[in-house]
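Okay, upload32.cif now, which holds mmCIF, N, CA and C atoms:
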```
data_my_file
#
loop_
_atom_site.label_atom_id
_atom_site.label_comp_id
_atom_site.auth_asym_id
_atom_site.auth_seq_id
_atom_site.Cartn_x
_atom_site.Cartn_y
_atom_site.Cartn_z
N MET A 1 117.14 29.75 91.94
CA MET A 1 118.33 29.46 92.70
C MET A 1 119.29 28.58 91.91
N SER A 2 118.78 27.79 91.01
CA SER A 2 119.64 26.87 90.27
C SER A 2 120.49 27.59 89.22
N HIS A 3 120.13 28.83 88.86
CA HIS A 3 120.89 29.58 87.86
C HIS A 3 121.81 30.63 88.46
N SER A 4 121.83 30.76 89.75
CA SER A 4 122.66 31.75 90.42
C SER A 4 123.87 31.08 91.05
N ARG A 5 124.86 31.89 91.35
CA ARG A 5 126.05 31.38 92.04
C ARG A 5 125.94 31.71 93.51
N PHE A 6 126.02 30.69 94.32
CA PHE A 6 125.94 30.85 95.76
C PHE A 6 127.05 30.07 96.42
N VAL A 7 127.50 30.59 97.53
CA VAL A 7 128.37 29.84 98.43
C VAL A 7 127.71 29.93 99.79
N LEU A 8 127.39 28.80 100.33
CA LEU A 8 126.76 28.72 101.63
C LEU A 8 127.86 28.56 102.68
N LEU A 9 127.87 29.43 103.67
CA LEU A 9 128.87 29.36 104.74
C LEU A 9 128.15 29.05 106.05
N ILE A 10 128.52 27.95 106.65
CA ILE A 10 127.91 27.55 107.93
C ILE A 10 129.04 27.43 108.95
N ASP A 11 128.97 28.26 109.97
CA ASP A 11 130.00 28.28 111.00
C ASP A 11 129.46 27.59 112.26
N GLY A 12 130.26 26.71 112.84
CA GLY A 12 129.85 26.05 114.08
C GLY A 12 128.90 24.89 113.87
N ALA A 13 129.12 24.10 112.83
CA ALA A 13 128.21 22.99 112.53
C ALA A 13 128.14 21.97 113.67
N ASN A 14 129.17 21.92 114.49
CA ASN A 14 129.16 20.98 115.62
C ASN A 14 128.19 21.42 116.71
N GLU A 15 127.69 22.65 116.64
CA GLU A 15 126.81 23.17 117.68
C GLU A 15 125.34 22.83 117.44
N VAL A 16 125.03 22.31 116.28
CA VAL A 16 123.65 21.92 115.96
C VAL A 16 123.67 20.56 115.29
N GLN A 17 122.56 19.86 115.38
CA GLN A 17 122.42 18.55 114.73
C GLN A 17 121.68 18.74 113.41
N MET A 18 122.44 18.93 112.32
CA MET A 18 121.81 19.15 111.02
C MET A 18 122.56 18.43 109.91
N ASP A 19 123.35 17.42 110.26
CA ASP A 19 124.15 16.72 109.26
C ASP A 19 123.30 16.18 108.12
N LYS A 20 122.23 15.48 108.44
CA LYS A 20 121.39 14.88 107.41
C LYS A 20 120.75 15.96 106.54
N GLU A 21 120.21 16.99 107.16
CA GLU A 21 119.55 18.06 106.40
C GLU A 21 120.52 18.75 105.45
N LEU A 22 121.73 19.03 105.96
CA LEU A 22 122.72 19.69 105.11
C LEU A 22 123.18 18.77 103.98
N SER A 23 123.41 17.52 104.29
CA SER A 23 123.79 16.55 103.26
C SER A 23 122.72 16.45 102.18
N ASP A 24 121.46 16.38 102.60
CA ASP A 24 120.34 16.32 101.64
C ASP A 24 120.28 17.57 100.78
N PHE A 25 120.45 18.74 101.42
CA PHE A 25 120.42 20.00 100.68
C PHE A 25 121.53 20.06 99.64
N LEU A 26 122.73 19.68 100.04
CA LEU A 26 123.86 19.73 99.11
C LEU A 26 123.70 18.72 97.97
N ALA A 27 123.08 17.58 98.27
CA ALA A 27 122.84 16.58 97.23
C ALA A 27 121.84 17.07 96.20
N THR A 28 120.84 17.83 96.64
CA THR A 28 119.81 18.32 95.72
C THR A 28 120.20 19.63 95.03
N HIS A 29 121.22 20.30 95.52
CA HIS A 29 121.70 21.56 94.93
C HIS A 29 123.23 21.48 94.73
N PRO A 30 123.68 20.61 93.84
CA PRO A 30 125.13 20.40 93.70
C PRO A 30 125.91 21.60 93.16
N SER A 31 125.22 22.58 92.57
CA SER A 31 125.93 23.75 92.04
C SER A 31 126.26 24.78 93.11
N ILE A 32 125.69 24.60 94.30
CA ILE A 32 125.95 25.54 95.39
C ILE A 32 127.17 25.08 96.17
N GLY A 33 128.14 25.97 96.25
CA GLY A 33 129.32 25.67 97.04
C GLY A 33 129.00 25.78 98.52
N CYS A 34 129.71 25.07 99.33
CA CYS A 34 129.43 25.10 100.76
C CYS A 34 130.73 25.01 101.55
N ILE A 35 130.87 25.90 102.50
CA ILE A 35 131.99 25.87 103.44
C ILE A 35 131.39 25.70 104.83
N VAL A 36 131.82 24.66 105.52
CA VAL A 36 131.29 24.35 106.84
C VAL A 36 132.46 24.32 107.82
N THR A 37 132.34 25.07 108.91
CA THR A 37 133.36 24.98 109.96
C THR A 37 132.78 24.20 111.13
N SER A 38 133.65 23.44 111.77
CA SER A 38 133.23 22.62 112.88
C SER A 38 134.44 22.32 113.76
N GLN A 39 134.21 22.22 115.06
CA GLN A 39 135.29 21.85 115.96
C GLN A 39 135.42 20.33 116.05
N SER A 40 134.56 19.62 115.36
CA SER A 40 134.67 18.17 115.27
C SER A 40 134.66 17.80 113.80
N SER A 41 134.83 16.55 113.49
CA SER A 41 134.89 16.16 112.09
C SER A 41 133.51 16.20 111.44
N ALA A 42 133.51 16.38 110.14
CA ALA A 42 132.27 16.45 109.37
C ALA A 42 132.03 15.11 108.68
N PRO A 43 130.77 14.78 108.43
CA PRO A 43 130.47 13.55 107.70
C PRO A 43 131.05 13.61 106.29
N ARG A 44 131.47 12.49 105.76
CA ARG A 44 132.03 12.41 104.41
C ARG A 44 131.07 12.95 103.36
N SER A 45 129.79 12.88 103.61
CA SER A 45 128.81 13.32 102.62
C SER A 45 128.88 14.82 102.37
N PHE A 46 129.61 15.56 103.18
CA PHE A 46 129.76 17.00 102.97
C PHE A 46 130.72 17.31 101.83
N GLY A 47 131.43 16.32 101.32
CA GLY A 47 132.37 16.54 100.22
C GLY A 47 133.80 16.56 100.70
N ASP A 48 134.63 17.33 100.01
CA ASP A 48 136.04 17.42 100.38
C ASP A 48 136.17 18.05 101.76
N ILE A 49 137.04 17.49 102.57
CA ILE A 49 137.23 17.98 103.93
C ILE A 49 138.68 18.40 104.10
N ALA A 50 138.88 19.59 104.63
CA ALA A 50 140.22 20.09 104.94
C ALA A 50 140.29 20.39 106.43
N PHE A 51 141.42 20.17 107.03
CA PHE A 51 141.59 20.40 108.45
C PHE A 51 142.64 21.47 108.68
N LEU A 52 142.37 22.35 109.62
CA LEU A 52 143.37 23.33 110.03
C LEU A 52 144.44 22.62 110.84
N PRO A 53 145.65 23.13 110.82
CA PRO A 53 146.68 22.48 111.62
C PRO A 53 146.37 22.57 113.11
N GLU A 54 146.84 21.59 113.84
CA GLU A 54 146.63 21.56 115.28
C GLU A 54 147.36 22.74 115.93
N ILE A 55 146.75 23.28 116.97
CA ILE A 55 147.39 24.37 117.71
C ILE A 55 148.43 23.75 118.64
N THR A 56 149.69 23.96 118.33
CA THR A 56 150.77 23.48 119.19
C THR A 56 151.25 24.63 120.05
N GLY A 57 152.04 24.33 121.05
CA GLY A 57 152.59 25.37 121.91
C GLY A 57 153.40 26.39 121.12
N ASP A 58 154.25 25.90 120.20
CA ASP A 58 155.07 26.80 119.40
C ASP A 58 154.22 27.68 118.50
N PHE A 59 153.19 27.08 117.87
CA PHE A 59 152.30 27.86 117.01
C PHE A 59 151.53 28.89 117.82
N ALA A 60 151.03 28.49 118.99
CA ALA A 60 150.28 29.42 119.85
C ALA A 60 151.16 30.60 120.26
N ARG A 61 152.40 30.33 120.63
CA ARG A 61 153.33 31.39 121.03
C ARG A 61 153.61 32.33 119.85
N SER A 62 153.80 31.77 118.67
CA SER A 62 154.05 32.57 117.47
C SER A 62 152.83 33.44 117.13
N LEU A 63 151.64 32.86 117.23
CA LEU A 63 150.42 33.60 116.97
C LEU A 63 150.24 34.73 117.98
N PHE A 64 150.53 34.44 119.24
CA PHE A 64 150.46 35.44 120.31
C PHE A 64 151.38 36.62 120.00
N LEU A 65 152.61 36.35 119.62
CA LEU A 65 153.57 37.42 119.30
C LEU A 65 153.10 38.22 118.08
N THR A 66 152.50 37.56 117.12
CA THR A 66 151.96 38.25 115.95
C THR A 66 150.81 39.16 116.35
N MET A 67 149.91 38.64 117.18
CA MET A 67 148.77 39.46 117.65
C MET A 67 149.23 40.68 118.43
N ARG A 68 150.31 40.52 119.14
CA ARG A 68 150.83 41.62 119.97
C ARG A 68 151.90 42.42 119.24
N ASN A 69 152.12 42.16 117.95
CA ASN A 69 153.12 42.87 117.15
C ASN A 69 154.49 42.85 117.82
N SER A 70 154.82 41.73 118.45
CA SER A 70 156.10 41.56 119.15
C SER A 70 156.37 42.69 120.14
N ALA A 71 155.33 43.16 120.81
CA ALA A 71 155.48 44.20 121.83
C ALA A 71 156.46 43.71 122.90
N PRO A 72 157.24 44.64 123.48
CA PRO A 72 158.20 44.23 124.52
C PRO A 72 157.56 43.42 125.65
N SER A 73 156.35 43.80 126.06
CA SER A 73 155.69 43.05 127.14
C SER A 73 155.35 41.63 126.69
N ALA A 74 155.05 41.46 125.40
CA ALA A 74 154.75 40.12 124.88
C ALA A 74 156.01 39.29 124.79
N LEU A 75 157.09 39.90 124.32
CA LEU A 75 158.35 39.17 124.22
C LEU A 75 158.84 38.71 125.59
N ALA A 76 158.63 39.55 126.60
CA ALA A 76 159.09 39.23 127.95
C ALA A 76 158.39 38.02 128.54
N VAL A 77 157.11 37.83 128.21
CA VAL A 77 156.37 36.73 128.84
C VAL A 77 156.21 35.51 127.93
N SER A 78 156.49 35.64 126.65
CA SER A 78 156.19 34.55 125.73
C SER A 78 156.94 33.26 126.04
N ASP A 79 158.13 33.38 126.58
CA ASP A 79 158.91 32.18 126.89
C ASP A 79 158.81 31.75 128.34
N SER A 80 158.28 32.62 129.19
CA SER A 80 158.30 32.32 130.62
C SER A 80 157.07 31.57 131.12
N SER A 81 156.00 31.58 130.38
CA SER A 81 154.76 30.97 130.85
C SER A 81 154.68 29.50 130.44
N ARG A 82 154.03 28.70 131.29
CA ARG A 82 153.80 27.28 130.98
C ARG A 82 152.48 27.08 130.24
N ILE A 83 151.77 28.14 129.93
CA ILE A 83 150.44 28.07 129.33
C ILE A 83 150.45 27.48 127.92
N TRP A 84 151.53 27.61 127.19
CA TRP A 84 151.53 27.32 125.76
C TRP A 84 151.10 25.91 125.42
N GLU A 85 151.49 24.93 126.19
CA GLU A 85 151.11 23.55 125.89
C GLU A 85 149.65 23.27 126.25
N ASP A 86 149.02 24.18 126.99
CA ASP A 86 147.63 24.02 127.41
C ASP A 86 146.65 24.73 126.46
N VAL A 87 147.17 25.55 125.57
CA VAL A 87 146.34 26.32 124.64
C VAL A 87 145.71 25.38 123.62
N LYS A 88 144.40 25.54 123.39
CA LYS A 88 143.67 24.65 122.49
C LYS A 88 143.13 25.33 121.23
N SER A 89 143.07 26.68 121.22
CA SER A 89 142.45 27.35 120.08
C SER A 89 143.01 28.76 119.90
N GLY A 90 142.69 29.33 118.74
CA GLY A 90 143.05 30.72 118.49
C GLY A 90 142.36 31.66 119.46
N PHE A 91 141.17 31.28 119.92
CA PHE A 91 140.46 32.09 120.92
C PHE A 91 141.27 32.16 122.21
N ASP A 92 141.85 31.05 122.63
CA ASP A 92 142.71 31.05 123.82
C ASP A 92 143.86 32.04 123.64
N VAL A 93 144.46 32.04 122.46
CA VAL A 93 145.58 32.94 122.18
C VAL A 93 145.11 34.39 122.22
N GLN A 94 143.91 34.66 121.69
CA GLN A 94 143.37 36.02 121.73
C GLN A 94 143.17 36.47 123.17
N LEU A 95 142.67 35.58 124.03
CA LEU A 95 142.51 35.92 125.45
C LEU A 95 143.86 36.25 126.08
N LEU A 96 144.88 35.46 125.75
CA LEU A 96 146.23 35.73 126.28
C LEU A 96 146.74 37.08 125.80
N ALA A 97 146.53 37.39 124.53
CA ALA A 97 146.97 38.67 123.99
C ALA A 97 146.25 39.83 124.68
N SER A 98 144.95 39.66 124.95
CA SER A 98 144.19 40.70 125.64
C SER A 98 144.70 40.92 127.05
N LEU A 99 145.02 39.85 127.75
CA LEU A 99 145.57 39.98 129.10
C LEU A 99 146.92 40.68 129.07
N ASN A 100 147.75 40.30 128.11
CA ASN A 100 149.07 40.91 127.99
C ASN A 100 148.98 42.38 127.63
N GLU A 101 148.02 42.73 126.79
CA GLU A 101 147.83 44.13 126.41
C GLU A 101 147.46 44.97 127.63
N ARG A 102 146.76 44.36 128.58
CA ARG A 102 146.39 45.06 129.82
C ARG A 102 147.47 44.94 130.89
N THR A 103 148.63 44.44 130.48
CA THR A 103 149.80 44.24 131.36
C THR A 103 149.51 43.30 132.54
N LEU A 104 148.58 42.38 132.33
CA LEU A 104 148.32 41.36 133.34
C LEU A 104 149.24 40.17 133.08
N PRO A 105 149.68 39.49 134.12
CA PRO A 105 150.56 38.33 133.91
C PRO A 105 149.82 37.20 133.20
N LEU A 106 150.56 36.44 132.41
CA LEU A 106 149.94 35.31 131.74
C LEU A 106 149.69 34.19 132.74
N PRO A 107 148.54 33.55 132.65
CA PRO A 107 148.24 32.44 133.56
C PRO A 107 149.08 31.22 133.21
N GLU A 108 149.08 30.26 134.11
CA GLU A 108 149.88 29.05 133.92
C GLU A 108 149.06 27.88 133.37
N SER A 109 147.73 28.00 133.37
CA SER A 109 146.89 26.90 132.87
C SER A 109 145.69 27.49 132.12
N ARG A 110 145.02 26.64 131.37
CA ARG A 110 143.86 27.09 130.61
C ARG A 110 142.72 27.49 131.53
N LEU A 111 142.52 26.75 132.61
CA LEU A 111 141.48 27.11 133.57
C LEU A 111 141.77 28.49 134.17
N GLU A 112 143.01 28.73 134.51
CA GLU A 112 143.40 30.04 135.04
C GLU A 112 143.23 31.13 133.98
N LEU A 113 143.45 30.78 132.71
CA LEU A 113 143.25 31.73 131.61
C LEU A 113 141.81 32.22 131.59
N PHE A 114 140.86 31.28 131.67
CA PHE A 114 139.44 31.67 131.64
C PHE A 114 139.06 32.44 132.89
N SER A 115 139.54 32.01 134.02
CA SER A 115 139.24 32.68 135.28
C SER A 115 139.77 34.12 135.27
N THR A 116 141.02 34.28 134.88
CA THR A 116 141.64 35.61 134.83
C THR A 116 140.94 36.51 133.81
N SER A 117 140.58 35.94 132.68
CA SER A 117 139.88 36.72 131.64
C SER A 117 138.52 37.19 132.13
N LEU A 118 137.80 36.32 132.84
CA LEU A 118 136.51 36.72 133.40
C LEU A 118 136.67 37.83 134.44
N GLU A 119 137.67 37.68 135.31
CA GLU A 119 137.93 38.72 136.32
C GLU A 119 138.29 40.04 135.66
N ALA A 120 139.12 39.99 134.61
CA ALA A 120 139.52 41.21 133.91
C ALA A 120 138.32 41.87 133.24
N ALA A 121 137.45 41.06 132.63
CA ALA A 121 136.26 41.61 131.98
C ALA A 121 135.32 42.22 133.02
N TYR A 122 135.16 41.54 134.15
CA TYR A 122 134.29 42.05 135.21
C TYR A 122 134.83 43.37 135.77
N SER A 123 136.14 43.44 136.00
CA SER A 123 136.69 44.68 136.55
C SER A 123 136.59 45.82 135.55
N LYS A 124 136.68 45.53 134.27
CA LYS A 124 136.52 46.55 133.25
C LYS A 124 135.09 47.07 133.24
N VAL A 125 134.11 46.19 133.36
CA VAL A 125 132.70 46.59 133.41
C VAL A 125 132.42 47.37 134.67
N ALA A 126 132.94 46.89 135.81
CA ALA A 126 132.69 47.56 137.09
C ALA A 126 133.25 48.98 137.10
N VAL A 127 134.41 49.17 136.46
CA VAL A 127 135.03 50.51 136.40
C VAL A 127 134.19 51.45 135.54
N ASN A 128 133.59 50.93 134.47
CA ASN A 128 132.82 51.74 133.53
C ASN A 128 131.38 51.98 133.95
N GLU A 129 130.93 51.31 135.00
CA GLU A 129 129.55 51.51 135.46
C GLU A 129 129.43 52.83 136.22
N PRO A 130 128.28 53.51 136.09
CA PRO A 130 128.10 54.79 136.80
C PRO A 130 127.93 54.58 138.30
#
```

Target encoding structure tokens, full file:
Amino acid sequence: MSHSRFVLLIDGANEVQMDKELSDFLATHPSIGCIVTSQSSAPRSFGDIAFLPEITGDFARSLFLTMRNSAPSALAVSDSSRIWEDVKSGFDVQLLASLNERTLPLPESRLELFSTSLEAAYSKVAVNEP
């Protein structure tokens, strides 16, 4: 392993408690590159840390329009909803794009976003059941 090139990719490091183990591994194998994603900050012992920009309302709206390829239905609702300041992640934006693609109105809050998305998923499953 010490003569090969590896990049270790760990997604969701905040979901497990392995900071010490990962730090120890990286210290004993310094030639192995490591990319760690986390929704919280990483310990300094992980090396250089880069942060994605915060999801702002304007960024979320722009991402939504990109996901929907500026479809007329997306343009019509992108400025009318109050949801944008409540969006916290790209996943939230994807849920909004999925609702808009199904011509469902955009919710006004994040809680309503999850509720509406669950209802839409349930109705899709119920329609497809024999």

*Fewer than 6 positions away in the same chain doesn't count, so skip those; otherwise give me all residues within 8 Å of Val36 in chain A, counting only N, CA and C atoms, as a list in words.*
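Result of the neighbour search: Leu8, Leu9, Ile10, Asp11, Gly12, Ala13 and Asn14 of chain A.
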
Generate the output file for the selected residues, N, CA and C atoms, as a JSON list (two decimals), in the coordinates of the input.
```
[["chain", "number", "residue", "atom", "x", "y", "z"],
["A", 8, "LEU", "N", 127.39, 28.80, 100.33],
["A", 8, "LEU", "CA", 126.76, 28.72, 101.63],
["A", 8, "LEU", "C", 127.86, 28.56, 102.68],
["A", 9, "LEU", "N", 127.87, 29.43, 103.67],
["A", 9, "LEU", "CA", 128.87, 29.36, 104.74],
["A", 9, "LEU", "C", 128.15, 29.05, 106.05],
["A", 10, "ILE", "N", 128.52, 27.95, 106.65],
["A", 10, "ILE", "CA", 127.91, 27.55, 107.93],
["A", 10, "ILE", "C", 129.04, 27.43, 108.95],
["A", 11, "ASP", "N", 128.97, 28.26, 109.97],
["A", 11, "ASP", "CA", 130.00, 28.28, 111.00],
["A", 11, "ASP", "C", 129.46, 27.59, 112.26],
["A", 12, "GLY", "N", 130.26, 26.71, 112.84],
["A", 12, "GLY", "CA", 129.85, 26.05, 114.08],
["A", 12, "GLY", "C", 128.90, 24.89, 113.87],
["A", 13, "ALA", "N", 129.12, 24.10, 112.83],
["A", 13, "ALA", "CA", 128.21, 22.99, 112.53],
["A", 13, "ALA", "C", 128.14, 21.97, 113.67],
["A", 14, "ASN", "N", 129.17, 21.92, 114.49],
["A", 14, "ASN", "CA", 129.16, 20.98, 115.62],
["A", 14, "ASN", "C", 128.19, 21.42, 116.71]]
```

*Looking at A:Arg61, A:Leu96, A:Glu101, A:Asp24, which one is nearest to Leu113 in chain A, with distances taken over all atoms listed in the file?*
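Of A:Arg61, A:Leu96, A:Glu101, A:Asp24, the one nearest Leu113 in chain A, counting all atoms listed in the file, is A:Leu96.
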
*Those in range 65-101 of chain A with helix (DSSP H, G or I) from DSSP, as a PyMOL selection string*: chain A and resi 65-67+72-78+83-86+90-101

*Do you know which residues the PyMOL selection byres ((chain A and resi 86-92) around 8) returns on this file, as a ChimeraX atom specification?*
/A:54-57,60,82-85,93-98,108-111,113

*Between A:Ser31, A:Thr66, A:Ser23, A:Ser81, which has the minimum distance to Arg5 in chain A (counting all atoms listed in the file)?*
A:Ser31
